[in-house]
Structures are given as structure tokens and as C-alpha cells.
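Q: The structure follows.
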Amino acid sequence: MPRLRVIFALLAALPALSGRSRAAPALALGDGEALTYHVSWVIIPGAGLIKVAAKAVRDPQGRAQMRIVTTTSTRGLAWLILPFKAQAESLYDAATGRLLWLGETSDTRSRKAADTVTFDYARRQAQFTASLPPEPARILPLPPGDPTDLITCLLLARTWNLQPGQARDALVLFGDEFYELTIHAVAQEEITTNLGTFQTVLLEPRMEKTPPKGMFKRGSTVKVWISQDERRLPVRFQVSFNFGSGLATLADYHPPVAAK
């Protein structure tokens with residue numbers, strides 16, 4: 001079931017909402033904040049689970065950082081059809097909001113992968129290293145902006161307070177490629193989940209600044225619904241392809257330590 005694997009790989013990359021403000025640093029999550037999503041795919045409800053959690057840490061020099069860890073896995077019938085699990089870990093500088101390091105691993109029935117990316121903003125480059133399967137390290141030129149992975153970008157969008165008709169640019173890393181996206185606020189919608197009913201703004205990333213590539217070239221779409229209360233929760237994600245879509249719905253939420 002390669003199509004199912006693609007959907008879960010994309011939902012895993014939606015880790016671990018860079019489209020951050022260049023004027024003021026912002027972080028997608030607060031210390032101790034955690035979100036759990038139930039994933040469904042076409043006719044398979046409860047197909048998987050996504051967990052995103054943040055923790056304040058310090059590097060060996062004592063500088064404050066934020067670690068965001070995202071785990072994704074299939075379960076139930078989907079696990080029988082396609083066992084899949086993935087983890088993404090990212091480190092952000094708490095003072096600047098910049099992504100410093102990103103590591104990703106994934107494991108399916110037939111393929112295992114692991115890679116890391118280290119960012120050098122002074123040289124405007126990143127070093128991509130694939131350890132599984134092993135490949136020589138490669139230097140990736142950094143386009144303008146501060147990069148992040150897609151899910152952290154969409155989580156970060158909760159801090160922008162975009163309203164329908166507004167948009168904001170973002171730089172997102174997929175594997176070893178950078179995507180220059182524009183996040184559009186499309187509409188206001190009411191979303192009901194097990195956690196309640198939310199008034200939300202629907203956001204949709206589009207590739208407009210450069211020729212579309214990858215999933216965007218093939219007509220696939222990504223959507224996120226951000227609640228309009230004080231928590232600005234991303235209550236739902238959706239990745240759609242021409243053969244179906246994966247839907248991740250917020251099932252559990254723990255606020256930051258400060259909020260508690």
C-alpha cells in the first residue's frame with residue numbers, strides 16, 4: 001500500500017506549524033505543551049496517531065533552546081496493512097526562534113530511513129546527512145528566510161493571527177529540498193471534535209513564489225484549521241492527493257507549563 005505510506009509520511013512531515021516573523025522571534029510551542037492527533041485515511045478511521053511535544057532545554061554552553069519531538073505511527077487495521085512509524089526532532093534557538101538542527105527517522109515494512117540537517121545561518125547553508133541508507137553529507141544553499149519543517153510551520157502560524165484574505169510567506173524543508181510557500185488564510189469554519197466545537201480559520205500553504213514541485217506540482221493540498229480562542233489550537237490537519245486524503249484531528253491537548 002504505497003499510497004497509504006505516502007500519506008503517513010506526509011503527515012509525519014507535518015511535524016514535528018519557517019514562516020516566522022523576521023522582526024520578532026516566535027516559537028511554535030511552549031515548554032511542556034503537547035498535542036495528540038488521531039489520523040484517519042479515506043475509509044480507515046483511527047488509522048494512526050501523531051504526537052507533538054515541546055520541552056525547554058539548554059545546550060552545553062547554557063543557551064536556551066526548545067526541543068520539539070513529533071512521533072507518527074499507524075495502528076489497528078492500518079498497522080496490519082502498512083506498519084509505519086516515524087520520529088522528527090528539532091532544536092530551536094529560544095532567543096532567535098531559528099531552527100538549529102533537525103533529525104528524522106522512519107521505519108516501514110520494507111524501508112528504513114534516517115537523516116539530520118544542521119543549519120549555518122552565517123554562511124546561509126545547511127548540511128544534510130543521511131545515515132540510513134548512508135550517503136555522503138551534502139551542503140544545501142539556504143533560500144531567503146528562516147526554515148522549519150512543515151508541521152512546525154503550521155503550528156507557528158497560530159501566532160500570526162491571519163484572517164481570511166491575508167497571507168504570509170514561509171520557508172519549509174522537505175527532506176533535502178527547501179520549499180518557498182505562502183500560507184493563505186482561506187475562510188472561517190466551525191469544526192467539531194471530541195474536545196468540543198471550535199470557531200477556526202482555515203489556512204492553506206501554496207507554492208507561488210517559485211515553480212511548484214513535489215506534491216504541490218502534482219496538485220496535492222495541505223490544510224490546517226486554527227481555533228480562534230486564546231489557545232489558537234491547530235485542531236485539524238488534512239493532506240489531500242488525487243487518490244485520497246489523510247485527516248489528523250486533535251484528540252488531546254496539554255498546555256505549556258507556564259499556562260498551567
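Labels for the C-alpha cells follow display order: chains A, B, ..., residues from 1 in each chain, ligands from 1.
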With only C-alpha atoms counted and 12 Å as the cut-off, give the residues of stretch 117-154 of chain A in contact with stretch 219-225 of chain A, each with its shortest interatomic distance in Å and the pair that gives it, as a Markdown table.
A:
```
| residue | atom | partner | partner_atom | distance |
| --- | --- | --- | --- | --- |
| A:Leu150 | CA | A:Val222 | CA | 9.8 |
| A:Ile151 | CA | A:Val224 | CA | 9.6 |
| A:Thr152 | CA | A:Val224 | CA | 11.8 |
| A:Cys153 | CA | A:Val224 | CA | 10.8 |
| A:Leu154 | CA | A:Val224 | CA | 7.1 |
```
Q: Which stretch 25-120 of chain A residues have any atom within 9 Å of an atom of stretch 163-180 of chain A, and for each, what is the nearest pair of atoms with distance in Å to one decimal, counting only C-alpha atoms, rows sorted by chain and number, as JSON lines?
A:
```
{"residue": "A:Glu104", "atom": "CA", "partner": "A:Gly175", "partner_atom": "CA", "distance": 8.8}
{"residue": "A:Asp115", "atom": "CA", "partner": "A:Gly175", "partner_atom": "CA", "distance": 8.2}
{"residue": "A:Val117", "atom": "CA", "partner": "A:Asp176", "partner_atom": "CA", "distance": 8.4}
```
Q: Excluding A:Ile50 and any residue of its chain fewer than 2 positions from it, enumerate the residues within 7 Å of it, using only C-alpha atoms, and give them as a ChimeraX atom specification.
A: /A:36-38,48,52,70-73
Q: Counting only C-alpha atoms, which residue out of A:Val69, A:Ala95, A:Leu142, A:Leu132 sits closest to A:Thr118?
A: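 Among the listed residues, A:Leu142 lies closest to A:Thr118.
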Q: So, with only C-alpha atoms as the atoms that count, which of A:Gly145, A:Pro60, A:Pro134, A:Gly196 lies closest to A:Leu99?
A: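 Among the listed residues, the smallest separation from A:Leu99 belongs to A:Gly145.
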Q: What does the distance from atom CA of A:Ala185 to atom CA of A:Asp31 come to in Å, to one decimal?
A: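 Interatomic distance here is 27.0 Å.
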Q: Given the choices A:Val57, A:Leu27, A:Met207, A:Leu35, which gets closest to A:Thr96 if the distance is worked out from only C-alpha atoms?
A: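 Ranking A:Val57, A:Leu27, A:Met207, A:Leu35 by distance to A:Thr96, first place goes to A:Leu27.
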Q: Quick one: pick out all alpha helix (DSSP H) residues within stretch 107-246 of chain A from a backbone DSSP run and write them as an NGL selection string.
A: :A and (150-156 or 214-217)
Q: When DSSP works through the backbone of this structure, what residues of stretch 9-248 of chain A end up as strand (DSSP E), shown as a ChimeraX atom specification?
A: /A:34-41,44-58,64-74,84-93,99-108,112-120,125-132,138-141,147-148,167-174,177-193,196-206,221-227,234-241,244-248
Q: Would you list the contacts of A:Ala137 as a ChimeraX atom specification, taking every protein, DNA or RNA residue within 9 Å and counting only C-alpha atoms, but skipping same-chain residues closer than 6 positions in sequence?
A: /A:127-130
Q: Out of A:Glu204, A:Gly246, A:Ala126, A:Phe84, which residue has the shortest atom-to-atom distance to A:Thr108 when counting only C-alpha atoms?
A: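 So, comparing all the options, the nearest one is A:Phe84.
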Q: So that I can see what lies close to A:Tyr121, please list as an MDAnalysis selection string the residues with an atom at most 9 Å from it, counting only C-alpha atoms and leaving out residues fewer than 2 positions away in the same chain.
A: chainID A and resid 100 119 123:126 142 146
Q: Using only C-alpha atoms, pick whichever of A:Thr105, A:Lys213, A:Tyr253, A:Thr148 has the shortest atom-to-atom distance to A:Leu91.
A: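 For A:Leu91, the nearest of the given residues is A:Thr148.
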Q: Between atom CA of A:Pro211 and atom CA of A:Leu162, measure the distance and give it in Å to one decimal.
A: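 Separating atom CA of A:Pro211 from atom CA of A:Leu162 is a distance of 24.5 Å.
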Q: Using only C-alpha atoms, which residue out of A:Ala122, A:Met215, A:Leu155, A:Leu203 lies closest to A:Arg231?
A: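 Among the listed residues, the smallest separation from A:Arg231 belongs to A:Leu155.
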